[in-house]
Structure formats: C-alpha cells, structure tokens
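Worksheet: one structure, shown below.
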Amino acid sequence: MSVKFLSEDYMTEGTAALNSDAGFTGAIANVDLNLQFVVTDGPEGELPYYLHVADGAGELVLGTKDDADVTVSTNMETMAGISKGEINTQMAFMTGQLNVTGNMAKLMMNQGVINAFAAAMSGMDVDY
C-alpha cells in the first residue's frame with residue numbers, strides 16, 4: 001500500500017524502513033545528526049520535517065528541530081524529484097534548486113549517512 005509523500009504515514013513508514021535497513025543502520029553507528037528539511041510550497045504552505053539520528057537509530061518527524069545541524073530547503077517538485085531518484089541532490093544544490101545552511105562540515109563528514117538514507121527510502125511505495 002502506498003503512502004502519501006511527506007505525510008504522517010510517510011514519516012512512520014520511512015522511520016521503519018530506515019531502522020530495518022542494514023546499510024542505514026551500519027552507516028549511522030556512532031553518529032549524532034539532525035537534518036531539517038523545509039519544503040517551501042507544500043499543499044498547506046511551508047512543510048518542515050526532519051531526520052534525527054542518534055543512539056544507532058533514525059527517526060523521520062514532521063515539524064521543526066530546534067537544534068538542527070543542517071537545514072535543506074527546496075520546493076515540492078525538487079524534493080519529490082530527489083525522492084524518486086530523478087534529480088541528483090548535488091546537481092540540485094549547484095544549480096540553486098536546493099538551499100543548504102548550517103554546519104556544512106558535519107554534512108560532508110556524514111555523506112555516507114545521507115547516501116544510506118536515500119537508499120533505504122528508495123524502496124518505499126510512495127504516492128506523489
């Protein structure tokens with residue numbers, strides 16, 4: 001059964017997918033990372049959600065994380081394209097489709113976590 005992109009069900013299913021994926025759980029060992037995402041034009045306006053990684057587990061949550069290490073902002077079209085694997089994240093950043101602020105060094109040090117996050121989420125049945 002598919003889940004609506006960036007819905008509460010998406011966050012719940014995504015959290016389960018992350019924590020059951022050996023590649024993701026291996027990548028997050030000894031990692032403490034908070035990634036805030038902001039979709040600037042969600043169905044009801046701005047849509048914030050975050051990935052919290054700590055103590056060997058990851059969690060996707062709708063809302064704002066006050067102590068986010070990095071904030072990634074973009075529009076719904078770009079975020080959906082990245083989620084579907086149709087848009088390369090680095091290319092989106094270089095072309096201005098993706099705005100990243102915060103601790104860039106920490107983001108770069110955790111590229112393996114980001115890649116494992118994308119891989120673990122790619123198997124979900126999502127309705128865009």
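Please note that chains go A, B, ... in the order of the structure tokens, that every chain numbers its residues from 1, and that ligands are numbered from 1 in the order shown.
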
**OP:** Excluding Leu51 in chain A and any residue of its chain fewer than 4 positions from it, enumerate the residues within 12 Å of it, using only C-alpha atoms, and give them as number ranges by chain.
**Re:** A: 11-12, 14-15, 18, 28, 32-38, 57-65, 67-72, 113-114, 117-118

**OP:** Give the helix (DSSP H, G or I) residues of range 6-116 of chain A, as DSSP finds them on the backbone, and put them as number ranges by chain.
**Re:** A: 8-19, 22-27, 76-84, 89-94, 104-109, 111-116

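With CA of Gly123 in chain A on one side and CA of Gly56 in chain A on the other, the separation reads 20.8 Å.
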
Original post:
So which residues touch Met76 in chain A within 10 Å, counting only C-alpha atoms, skipping near sequence neighbours fewer than 6 positions away, as number ranges by chain?
Top reply: A: 5-6, 38-43, 46-47, 82, 128

Would you pick out the contacts of Ala17 in chain A at 8 Å or less, using only C-alpha atoms, so that residues sharing its chain but fewer than 5 positions from it are not included, and give the list as a PDB file with all heavy atoms, in the first residue's frame?
```pdb
ATOM      1  N   ALA A 120      17.791   3.594   1.617  1.00  0.00           N
ATOM      2  CA  ALA A 120      16.783   2.928   2.449  1.00  0.00           C
ATOM      3  C   ALA A 120      15.371   3.409   2.099  1.00  0.00           C
ATOM      4  O   ALA A 120      14.426   2.629   2.113  1.00  0.00           O
ATOM      5  CB  ALA A 120      17.070   3.177   3.930  1.00  0.00           C
ATOM      6  N   MET A 121      15.228   4.688   1.784  1.00  0.00           N
ATOM      7  CA  MET A 121      13.919   5.252   1.472  1.00  0.00           C
ATOM      8  C   MET A 121      13.449   4.893   0.063  1.00  0.00           C
ATOM      9  O   MET A 121      12.260   4.960  -0.227  1.00  0.00           O
ATOM     10  CB  MET A 121      13.950   6.775   1.640  1.00  0.00           C
ATOM     11  CG  MET A 121      14.225   7.248   3.055  1.00  0.00           C
ATOM     12  SD  MET A 121      12.941   6.829   4.239  1.00  0.00           S
ATOM     13  CE  MET A 121      11.631   7.933   3.721  1.00  0.00           C
ATOM     14  N   MET A 124      10.405   2.433  -0.694  1.00  0.00           N
ATOM     15  CA  MET A 124       9.032   2.696  -0.239  1.00  0.00           C
ATOM     16  C   MET A 124       8.086   2.922  -1.424  1.00  0.00           C
ATOM     17  O   MET A 124       8.469   3.491  -2.434  1.00  0.00           O
ATOM     18  CB  MET A 124       9.002   3.944   0.662  1.00  0.00           C
ATOM     19  CG  MET A 124       9.549   3.681   2.043  1.00  0.00           C
ATOM     20  SD  MET A 124       9.499   5.136   3.128  1.00  0.00           S
ATOM     21  CE  MET A 124       7.803   5.679   3.020  1.00  0.00           C
TER      22      MET A 124
END
```

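The coordinates place CA of Gln111 in chain A at 11.2 Å from CA of Gln90 in chain A.
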
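Closest approach to Lys106 in chain A among A:Phe93, A:Gly85, A:Gly45, A:Val31: A:Val31, based on only C-alpha atoms.
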
Original post:
Please, which residues of chain A, numbered as in this document, come out strand (DSSP E) from DSSP, as a ChimeraX atom specification?
Top reply: /A:3-4,33-42,45-54,57-62,70-74,99-102,126-127

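Here CA of Asn99 in chain A and CA of Ser73 in chain A stand 5.1 Å from one another.
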
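Using only C-alpha atoms, the nearest neighbour of Glu8 in chain A within the list A:Pro48, A:Ser122, A:Leu107, A:Ile87 is A:Pro48.
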